[in-house]
Structure formats: structure tokens, C-alpha cells
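Trainee: Below is a structure I'd like to ask you about.
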Amino acid sequence: MQILPYGSWPSPIDAHLAATHDGRPEYVGFVGDEVWWTAPRPTEDGRRTLVRRHTDGTEESLLPPPWNVRSRVHEYGGHPWAGAALPAGPLLVFVHHPDQRLYAREPGHEPRPLTPVSPVGGGLRWAEPQLLLDRGEVWCVLEEFTGPAPTDVRRLLAAVPLDGSAADDRTAVRELTHDHHRFLTGPRLSPDGRYAAWLVWDHPRMPWDGTEVLVAEITPDGTLSGARVVAGGPEESITQVDWQRSTGGGMQSTADHIQPPVDAMRLPGNRLLYASDRTGWWNLYRDDEPLCPREEEFGGALWKLGLRWFAALDNGLIAVVHGRGATTLGILDPETGELVDAAGPWTEFASTLAVRGDRVVAVAASPRTGYEVVELDARTGRARVIGAAHDDTVDPVYYPEPQIRTFAGPDGREVHAHVYPPHHPACAAPGHELPPYVVWAHGGPTDRAPLVLDPEIAYFTSRGIGVAEVNYGGSTGYGRAYRERLREQWGVVDVEDCAAVARALADEGTADRHRLAIRGGSAGGWTAAASLAGTDVYACGTIRYPVLDLVGWATGETHDLESRYPDTLVGPLAEVPARYAERSPVEHAERITVPFLLLQGLQDVICPPVQCERFLARLAGRVPYAYLTFEGEGHGFRRAETTVRALEAELSLYAQVFGLRPPGIPTLELVQ
């Protein structure tokens, strides 16, 4: 065992390895008996491809560069593809990221456009495509910009002809709904094809605040008729809606606010499923009756369209992703409420599911494996990896060994965190030395940090730097009450909870109190910046594509989805304008007295570079810092070369501030 100072341990987990393993499979689905999913390609300009797993187990990337299967609806996107098994081969419909057009690809042919390019800058955008071959159409969500501002937008359900007649003709796209609601999800069709159900919500609500389920009849001519609210409301978040086939009459709702449209929920063959948090937890309901009431989550934050936490099997059982603070995959018997979880090493299942017969396909990971495509046989309970299999490119003895911790925050409130101590199989620090630690604040802020193998965390822990991921008040996974701790308290509760974890680690002798840092991206970047401006806990910080100016963010400097998010996180701007200035790091740049690294994508329209520039202009040379920008990157980094530069710069910052000597790392130039 070598005795070396923390931060100087040699590690095979370099920035290149972390960068090339960035991202995960998403949006799994069946095309006939085959399983398809989207997959990241960090070394190919950060694009996403579509992977086809043949029935013999071989995998094929269906679309070569530069095709990029990714939607920009809501900027965060959504399910971007649909496929159908035809005698001549599979038909594919997908969204191409650069122009956001829908394309169709038939066997043996190049993709052809189905939708036009918009004359308005924001464009026409599409998500959650569904192939209706009998109608010769693709039904999906349409986001259409009507002017230059990010809030000049309308959203509705639309039908795109498969014959390509709308490729240059916007009028050939058939509108299925009016744009009465600001936001909506794609339609889910009932088993008999007679009804469609979808979610809607409006400003200033976010989907975890309150949503409503609409159900409408599909008329013979393919229009939606008699849309009516059947569940949800301003204070009830329904995060997914779907159907279950039934051979008998479904239960009629007994709640006063439920009014089944055209008796949709009483017809044989149609039973409505949805995940609602009306009890304080996202639980599963069928025709308004709870199926498995528990103090855990059967849903999550609807950041992207097409996320799925449950799916009904043909045999009447329901596959569910559920848990408290973590997620697992289970099979629920809705008649008895019995829930049996899949056996296996995975400790986290992502919010994507697909079912066919007795087969359930999901995406899962663990602290020892990255995200993999997993198939569960609902008859036998056997689960196995079928795609994107984790590959140990280095000896797993270098992986961190996380601890699930609960800390005491202000007023004794619980603060959940994952602590990753420094770990190396052949190195230890001198006995008198305490390790440096970096507190990670996740984005969202209505989100959470999963307990999975993250090469970026391993990059630091294998060198002797600890990491503590904090699921601060406001995070998902712990019920609505925990989530709403952040209501009008953004910049307070998140900052306090992160500081409480950092101080606790120092007080118990786990971390060196003089070598603590904070790091976060997006909303986590806000928390990092606010922590540097508002506390004396940290010796430095890394701020990635952050929110820095609340007034600017609430008055046109971000996209439409989150433009009213501060109403609940901080309070309505018109009512509490002083609070916006009080909380914003840009207004208190002079309070920052420690070095920091600021990382920003130049094509970011969610947290635009102008906020970083405004923030730096107010520093007036008070502290050393580095500002790195990346051409071609938006919100969140996707290109391997960006991740390499960002990680090495971050490690160099800690080395300079903490007095570390990591081998082989370029020195980051700090300016003042």
C-alpha cells in the first residue's frame, strides 16, 4: 500500500474514460419482437443514435452520423421515435435534432422528411410520435413557435401524414386539439382504439405541482371529441396516464371531481391507469381506485415527455418502477395489490418502460454498473441484461463505495445524501490527513441524484477526493412534503441542506473542513453560486451552466417551460421583487471571496451565457476564477472533448486551492 496525500493518487479512470462513458440508454420500445432504444455517442459530436436489438441478440446502430435522434420540445425533449414491424422490414419515424423535423425511414431507403421547416426561428418541434398505420398518420405533440420570444409558442396534439404530403406544407398537418392548454403530453390510445387520454397543465404550474387528465373520444374520421377532465387538478400532480385492457366493466369513479367522458371508464376493454400524488406520494390508480397505496413513489418529475413509470401487461399485471429515495422494477397484481420486485444487482431503474406479452424492458444501473437495458420475464421473474451491457474498462476495485446517509439539517429536518469516500485499492493517505470533499448539488431543482456508478465521481474518488451528492429539500423520491420544502425557498433550503452535509462531514472527521468545495449544474449551478455568495463553508466551487439572475430568468432569458418556475420556487415576481434580487447570485457577486470555475455552453437557451457574463462583470477582479465556454454545447455537456476539458479544469482548480498534486493534469489558468 502506497502512502500518498489525498488528491495525488494515480488513477486509471481518466477524463477520457469518464467522457466516453457519459450518458445512458433512453426511450426503450418494442418493434415487433425486437427491442430498440436511443443511445449516446459522446465521441460523435454528442449525438444520439437509435439502437436496434435483433431477436438473435445482436445490436445495430440504425442511423449513422450525422443523424441525431433527439427532440427539443420543452427544450428538454421527449420520446423521439416510433417504429412498426412490416413484412418488408421495420418502418421508423424519428425526430432529427438539428432541424427538429419528423423523418420516416423505410427499409433500404434514406430517411425522408414528413414535416416542414418553420419560417419562425423557434421552429416546429415534435415529441412522442405514435404510428397509426391504419390512418396513414403519426400522432404526436406539436410545439409551434409563433414569434421571436421563447414564450411565443403554442402546443397541441397533431396528426402528420405518413405519405410526406406535409413535408413542405404546414397546412397538411392535422390539428387534433386546440391550444387551450400551455403544456400537454402525447395521447395514449385505449385498447379498443376508441379513446385517447393525455395530461395538461398551465403556467405557473410545473407538472409536479398540478396536472389534469383529459380523455376524449376518437371519432371515425380521426378527430378527438368531447375532451373532459377526469382526474387531477391544480394541487394534484398526475405524472403519467395510460390504459389497461379489461374483459369486464371497469369500476366507475366515485370521486366527485371525476366525470368519465362518454362513459369511457365503464366500457369493457378500457380501464384508465394513472400515477397521482393526491395522498402526498405518487401512487398508482385504476379508474380512480388506489392499487397499491404506499408511502413511496410510483412516478417522478415529468421533465421530458414520454417518461414511463408503469406499463400494463396483456395478462392483467402491471410493470412498475417504484421506490423511496431509489427505484426498483416490480410486477403488480392490481386485483390483490401484491407487488413482487425483480431480482438482480440493480439499485436504480430509470423512468422508461416497454412491455410486450410477458416481456418487460427497462433501463437500470447500480453503484457497480452503469445504465443497461434490462429485460424481465414477468412469468418467471428472471431479469437479464440484453443491451448496452456495462463493460468494466478498468478494474472495478477503483470504483467508489457509496454510503446512503441521512443528515440533520436546520431545525432537525432530514437531509438525504450519498457519500462517496476516497477509494483506491493500492493507495492510502497519511494517518493525520483528512480528505478534501466536494458537495454535489443536482439540477432541477425538482429532481434527485440516483445511487449509480458515475465515472465522473470515480474520477475524483479514485484520486483521493471525496464526493457527497445531496438530495436537498425539494428533491423527488421522498414524497410531496419533502418536495415542497423548496416552495418559495429556493436559494435558502438547498443552500442550507448542502452546507449542513458539508459541516456534518467535517464535524465527524470524515472531511477536512478547510478543503470543502461545492459543485453543481443548471439549478445545481444556482445552488453552488448561491452557496459561495451566502456561506463561508467552501474553499472553492465549480459552477456549471447555471441560473444566476432570477429577474432575467423570469423576464425572457429562459425557455417557456421554466419561465414561470420561479413563481413557486421564489414567489411571483410582481409580488416579491425584492426577494428575486436578494436571492440572485448575480446581485451578490462581491460576496464571493473564494476561487471558482464557471463552465458554460454557448448554445444554451435554458441558462444562457449572458447570465454568466453579467455575473463576471460584477466581480470586478475580487477573486481568482476561470470561465470556460464551449461552442456547440447547449444545456448540459454531450461532447466527449467538452467533458474532458471540464473535468480536468475542475480537478486543477481543486489542486490549486487544496494544495493537491494530481499527476498528468493540465494547469487551469485562474484570472482575477
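So you can find residues: chains in the C-alpha cells are A, B, ... in the order shown, residues in each start at 1, and ligands are numbered from 1 in order.
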Can you list, as a PyMOL selection string, all residues belonging to segment 70-317 of chain A that DSSP tags as strand (DSSP E)?
Mentor: chain A and resi 81-86+89-95+102-105+112-113+124-132+137-145+153-161+174-175+183-184+188-189+195-201+212-218+224-232+238-244+271-276+283-286+289-290+310-312
Trainee: Considering only C-alpha atoms, can you say which of A:Leu451, A:Leu291, A:Ala388, A:Leu353 comes closest to Glu401 of chain A?
Mentor: A:Leu451
Trainee: Can you pull out the residues contacting segment 464-474 of chain A? Cut-off 8 Å, using only C-alpha atoms, and skip same-chain residues under 5 positions away; I want them as number ranges by chain.
Mentor: A: 5-9, 415-424, 435-442, 445-449, 457, 482-487, 493-494, 497-498, 501, 511
Trainee: Find the spatial neighbours of Pro191 of chain A, counting only C-alpha atoms, within a cut-off of 9 Å - ignore same-chain residues fewer than 3 positions away - and output them as a PyMOL selection string.
Mentor: chain A and resi 194-195+243-246+269-271
Trainee: Include all heavy atoms and write out the residues we just selected as a PDB file, in the first residue's frame.
Mentor:
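Okay, result-v4.pdb is ready:
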ATOM      1  N   ARG A 194     -60.848   3.551 -29.133  1.00  0.00           N
ATOM      2  CA  ARG A 194     -61.964   4.493 -29.177  1.00  0.00           C
ATOM      3  C   ARG A 194     -61.721   5.763 -28.380  1.00  0.00           C
ATOM      4  O   ARG A 194     -62.452   6.742 -28.550  1.00  0.00           O
ATOM      5  CB  ARG A 194     -63.232   3.812 -28.666  1.00  0.00           C
ATOM      6  CG  ARG A 194     -63.710   2.669 -29.552  1.00  0.00           C
ATOM      7  CD  ARG A 194     -64.976   2.040 -29.004  1.00  0.00           C
ATOM      8  NE  ARG A 194     -66.046   3.005 -28.909  1.00  0.00           N
ATOM      9  CZ  ARG A 194     -67.240   2.746 -28.366  1.00  0.00           C
ATOM     10  NH1 ARG A 194     -67.486   1.554 -27.855  1.00  0.00           N
ATOM     11  NH2 ARG A 194     -68.168   3.680 -28.324  1.00  0.00           N
ATOM     12  N   TYR A 195     -60.698   5.757 -27.494  1.00  0.00           N
ATOM     13  CA  TYR A 195     -60.476   6.914 -26.635  1.00  0.00           C
ATOM     14  C   TYR A 195     -58.996   7.254 -26.576  1.00  0.00           C
ATOM     15  O   TYR A 195     -58.128   6.389 -26.761  1.00  0.00           O
ATOM     16  CB  TYR A 195     -61.012   6.646 -25.220  1.00  0.00           C
ATOM     17  CG  TYR A 195     -62.490   6.385 -25.208  1.00  0.00           C
ATOM     18  CD1 TYR A 195     -62.979   5.078 -25.260  1.00  0.00           C
ATOM     19  CD2 TYR A 195     -63.395   7.433 -25.186  1.00  0.00           C
ATOM     20  CE1 TYR A 195     -64.335   4.822 -25.278  1.00  0.00           C
ATOM     21  CE2 TYR A 195     -64.760   7.191 -25.200  1.00  0.00           C
ATOM     22  CZ  TYR A 195     -65.221   5.883 -25.252  1.00  0.00           C
ATOM     23  OH  TYR A 195     -66.575   5.640 -25.287  1.00  0.00           O
ATOM     24  N   TRP A 243     -53.607   3.155 -20.224  1.00  0.00           N
ATOM     25  CA  TRP A 243     -54.791   2.308 -20.193  1.00  0.00           C
ATOM     26  C   TRP A 243     -54.410   0.878 -19.870  1.00  0.00           C
ATOM     27  O   TRP A 243     -53.269   0.463 -20.090  1.00  0.00           O
ATOM     28  CB  TRP A 243     -55.510   2.324 -21.548  1.00  0.00           C
ATOM     29  CG  TRP A 243     -55.976   3.664 -22.001  1.00  0.00           C
ATOM     30  CD1 TRP A 243     -55.261   4.577 -22.720  1.00  0.00           C
ATOM     31  CD2 TRP A 243     -57.257   4.244 -21.786  1.00  0.00           C
ATOM     32  NE1 TRP A 243     -56.023   5.686 -22.970  1.00  0.00           N
ATOM     33  CE2 TRP A 243     -57.262   5.512 -22.410  1.00  0.00           C
ATOM     34  CE3 TRP A 243     -58.428   3.816 -21.133  1.00  0.00           C
ATOM     35  CZ2 TRP A 243     -58.361   6.353 -22.398  1.00  0.00           C
ATOM     36  CZ3 TRP A 243     -59.537   4.648 -21.125  1.00  0.00           C
ATOM     37  CH2 TRP A 243     -59.500   5.901 -21.738  1.00  0.00           C
ATOM     38  N   GLN A 244     -55.416   0.138 -19.411  1.00  0.00           N
ATOM     39  CA  GLN A 244     -55.269  -1.299 -19.223  1.00  0.00           C
ATOM     40  C   GLN A 244     -56.455  -1.989 -19.873  1.00  0.00           C
ATOM     41  O   GLN A 244     -57.599  -1.544 -19.728  1.00  0.00           O
ATOM     42  CB  GLN A 244     -55.204  -1.670 -17.739  1.00  0.00           C
ATOM     43  CG  GLN A 244     -54.982  -3.159 -17.498  1.00  0.00           C
ATOM     44  CD  GLN A 244     -54.953  -3.495 -16.018  1.00  0.00           C
ATOM     45  OE1 GLN A 244     -55.673  -2.902 -15.236  1.00  0.00           O
ATOM     46  NE2 GLN A 244     -54.115  -4.447 -15.638  1.00  0.00           N
ATOM     47  N   ARG A 245     -56.168  -3.068 -20.582  1.00  0.00           N
ATOM     48  CA  ARG A 245     -57.227  -3.841 -21.213  1.00  0.00           C
ATOM     49  C   ARG A 245     -57.989  -4.622 -20.149  1.00  0.00           C
ATOM     50  O   ARG A 245     -57.418  -5.138 -19.197  1.00  0.00           O
ATOM     51  CB  ARG A 245     -56.639  -4.803 -22.233  1.00  0.00           C
ATOM     52  CG  ARG A 245     -57.678  -5.578 -23.040  1.00  0.00           C
ATOM     53  CD  ARG A 245     -56.980  -6.547 -23.994  1.00  0.00           C
ATOM     54  NE  ARG A 245     -56.041  -5.870 -24.869  1.00  0.00           N
ATOM     55  CZ  ARG A 245     -56.385  -5.240 -25.984  1.00  0.00           C
ATOM     56  NH1 ARG A 245     -57.669  -5.193 -26.345  1.00  0.00           N
ATOM     57  NH2 ARG A 245     -55.478  -4.657 -26.731  1.00  0.00           N
ATOM     58  N   SER A 246     -59.305  -4.700 -20.295  1.00  0.00           N
ATOM     59  CA  SER A 246     -60.130  -5.458 -19.370  1.00  0.00           C
ATOM     60  C   SER A 246     -61.228  -6.160 -20.141  1.00  0.00           C
ATOM     61  O   SER A 246     -61.764  -5.626 -21.107  1.00  0.00           O
ATOM     62  CB  SER A 246     -60.748  -4.538 -18.312  1.00  0.00           C
ATOM     63  OG  SER A 246     -61.644  -5.246 -17.496  1.00  0.00           O
ATOM     64  N   GLY A 269     -63.094  -3.234 -21.791  1.00  0.00           N
ATOM     65  CA  GLY A 269     -61.879  -3.060 -22.584  1.00  0.00           C
ATOM     66  C   GLY A 269     -61.081  -1.829 -22.242  1.00  0.00           C
ATOM     67  O   GLY A 269     -59.948  -1.703 -22.665  1.00  0.00           O
ATOM     68  N   ASN A 270     -61.642  -0.892 -21.464  1.00  0.00           N
ATOM     69  CA  ASN A 270     -60.950   0.363 -21.194  1.00  0.00           C
ATOM     70  C   ASN A 270     -60.906   0.645 -19.694  1.00  0.00           C
ATOM     71  O   ASN A 270     -61.942   0.916 -19.084  1.00  0.00           O
ATOM     72  CB  ASN A 270     -61.660   1.526 -21.888  1.00  0.00           C
ATOM     73  CG  ASN A 270     -61.704   1.361 -23.387  1.00  0.00           C
ATOM     74  OD1 ASN A 270     -60.664   1.168 -23.998  1.00  0.00           O
ATOM     75  ND2 ASN A 270     -62.879   1.416 -23.979  1.00  0.00           N
ATOM     76  N   ARG A 271     -59.727   0.566 -19.116  1.00  0.00           N
ATOM     77  CA  ARG A 271     -59.558   0.942 -17.723  1.00  0.00           C
ATOM     78  C   ARG A 271     -58.400   1.921 -17.652  1.00  0.00           C
ATOM     79  O   ARG A 271     -57.304   1.649 -18.144  1.00  0.00           O
ATOM     80  CB  ARG A 271     -59.321  -0.283 -16.848  1.00  0.00           C
ATOM     81  CG  ARG A 271     -60.397  -1.342 -17.026  1.00  0.00           C
ATOM     82  CD  ARG A 271     -60.380  -2.380 -15.939  1.00  0.00           C
ATOM     83  NE  ARG A 271     -60.939  -1.838 -14.692  1.00  0.00           N
ATOM     84  CZ  ARG A 271     -61.133  -2.593 -13.608  1.00  0.00           C
ATOM     85  NH1 ARG A 271     -60.813  -3.872 -13.626  1.00  0.00           N
ATOM     86  NH2 ARG A 271     -61.642  -2.061 -12.518  1.00  0.00           N
TER      87      ARG A 271
END
Trainee: Leaving out Val495 of chain A and any residue of its chain fewer than 6 positions from it, which residues lie within 10 Å of it when counting only C-alpha atoms, given as an MDAnalysis selection string?
Mentor: chainID A and resid 441 472:473 489 524 526:532 534:535
Trainee: Which residues of segment 94-117 of chain A come within 12 Å of segment 50-62 of chain A, and what is each one's closest atom pair and distance in Å (one decimal), counting only C-alpha atoms, sorted by chain and residue number, as a Markdown table?
Mentor:
| residue | atom | partner | partner_atom | distance |
| --- | --- | --- | --- | --- |
| A:Phe94 | CA | A:Leu50 | CA | 9.2 |
| A:Val95 | CA | A:Leu50 | CA | 11.0 |
| A:His96 | CA | A:Leu50 | CA | 11.2 |
| A:Arg105 | CA | A:Leu62 | CA | 9.9 |
| A:Glu106 | CA | A:Leu62 | CA | 11.5 |
| A:Pro107 | CA | A:Leu62 | CA | 10.6 |
| A:Gly108 | CA | A:Leu62 | CA | 11.5 |
| A:His109 | CA | A:Leu62 | CA | 11.9 |
| A:Glu110 | CA | A:Leu62 | CA | 11.0 |
| A:Pro111 | CA | A:Leu62 | CA | 11.0 |
Trainee: Find the residue from A:Ser276, A:Thr593, A:Thr558, A:Ser584 that sits nearest to Glu75 of chain A; use only C-alpha atoms when measuring.
Mentor: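 Of all the options, A:Thr558 lies closest to Glu75 of chain A.
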Trainee: Quick check for you: according to DSSP on this backbone, which residues of segment 331-535 of chain A are classed as helix (DSSP H, G or I)? Reply as a compact mmCIF listing (two decimals) with C-alpha atoms, in the first residue's frame.
Mentor:
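The file below, result_2.txt, is the result:
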# COMPACT_ATOMS: atom_id res chain seq x y z
CA PRO A 396 -13.78 -2.26 -10.62
CA VAL A 397 -11.66 -2.15 -7.45
CA TYR A 398 -11.18 1.53 -8.36
CA PRO A 410 -31.69 23.21 10.20
CA ASP A 411 -34.49 22.64 12.73
CA GLY A 412 -33.59 18.95 12.70
CA PRO A 455 -17.46 7.77 -13.94
CA GLU A 456 -17.17 11.46 -13.04
CA ILE A 457 -17.49 10.66 -9.34
CA ALA A 458 -14.99 7.81 -9.72
CA TYR A 459 -12.64 10.25 -11.46
CA PHE A 460 -12.36 12.18 -8.19
CA THR A 461 -12.69 9.46 -5.55
CA ARG A 480 -44.64 15.73 -1.91
CA ALA A 481 -43.97 17.29 1.51
CA TYR A 482 -40.21 16.85 1.07
CA ARG A 483 -40.51 18.17 -2.49
CA GLU A 484 -42.38 21.28 -1.34
CA ARG A 485 -39.77 22.27 1.24
CA LEU A 486 -38.33 24.31 -1.61
CA VAL A 493 -33.25 25.39 1.79
CA ASP A 494 -30.99 23.95 -0.90
CA VAL A 495 -28.05 26.08 0.26
CA GLU A 496 -28.69 25.21 3.92
CA ASP A 497 -29.03 21.49 3.28
CA CYS A 498 -25.82 21.28 1.26
CA ALA A 499 -23.98 23.25 3.93
CA ALA A 500 -25.41 21.00 6.65
CA VAL A 501 -23.99 17.92 4.93
CA ALA A 502 -20.61 19.57 4.40
CA ARG A 503 -20.38 20.70 8.03
CA ALA A 504 -21.51 17.31 9.32
CA LEU A 505 -18.82 15.52 7.33
CA ALA A 506 -16.23 17.89 8.77
CA ASP A 507 -17.57 17.65 12.32
CA ALA A 523 -30.26 24.57 -10.87
CA GLY A 524 -27.35 22.95 -9.05
CA GLY A 525 -25.17 25.68 -10.52
CA TRP A 526 -27.51 28.19 -8.90
CA THR A 527 -27.11 26.40 -5.56
CA ALA A 528 -23.33 26.33 -5.95
CA ALA A 529 -23.14 30.04 -6.78
CA ALA A 530 -25.60 30.98 -4.04
CA SER A 531 -23.59 28.87 -1.58
CA LEU A 532 -20.35 30.66 -2.44
CA ALA A 533 -22.06 34.04 -2.10
CA GLY A 534 -24.03 33.21 1.03
Trainee: Which residue is closest to Gly444 of chain A? Choose from A:Ala362, A:Val200, A:Leu272, A:Leu569 and count only C-alpha atoms.
Mentor: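 The closest residue to Gly444 of chain A is A:Leu569.
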Trainee: What is the atom CA of Val360 of chain A to atom CA of Ile404 of chain A distance in Å?
Mentor: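 Atom CA of Ile404 of chain A lies 28.6 Å from atom CA of Val360 of chain A.
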Trainee: Skip Ala319 of chain A itself and residues of its chain fewer than 2 positions away, then list as a list in words all residues within 9 Å of it, counting only C-alpha atoms.
Mentor: Trp309, Phe310, Ala311, Ala312, Leu313, Leu317, Val321, Leu329, Gly330, Ile331, Leu332, Leu353, Ala354, Val355, Val360 and Ala378 of chain A
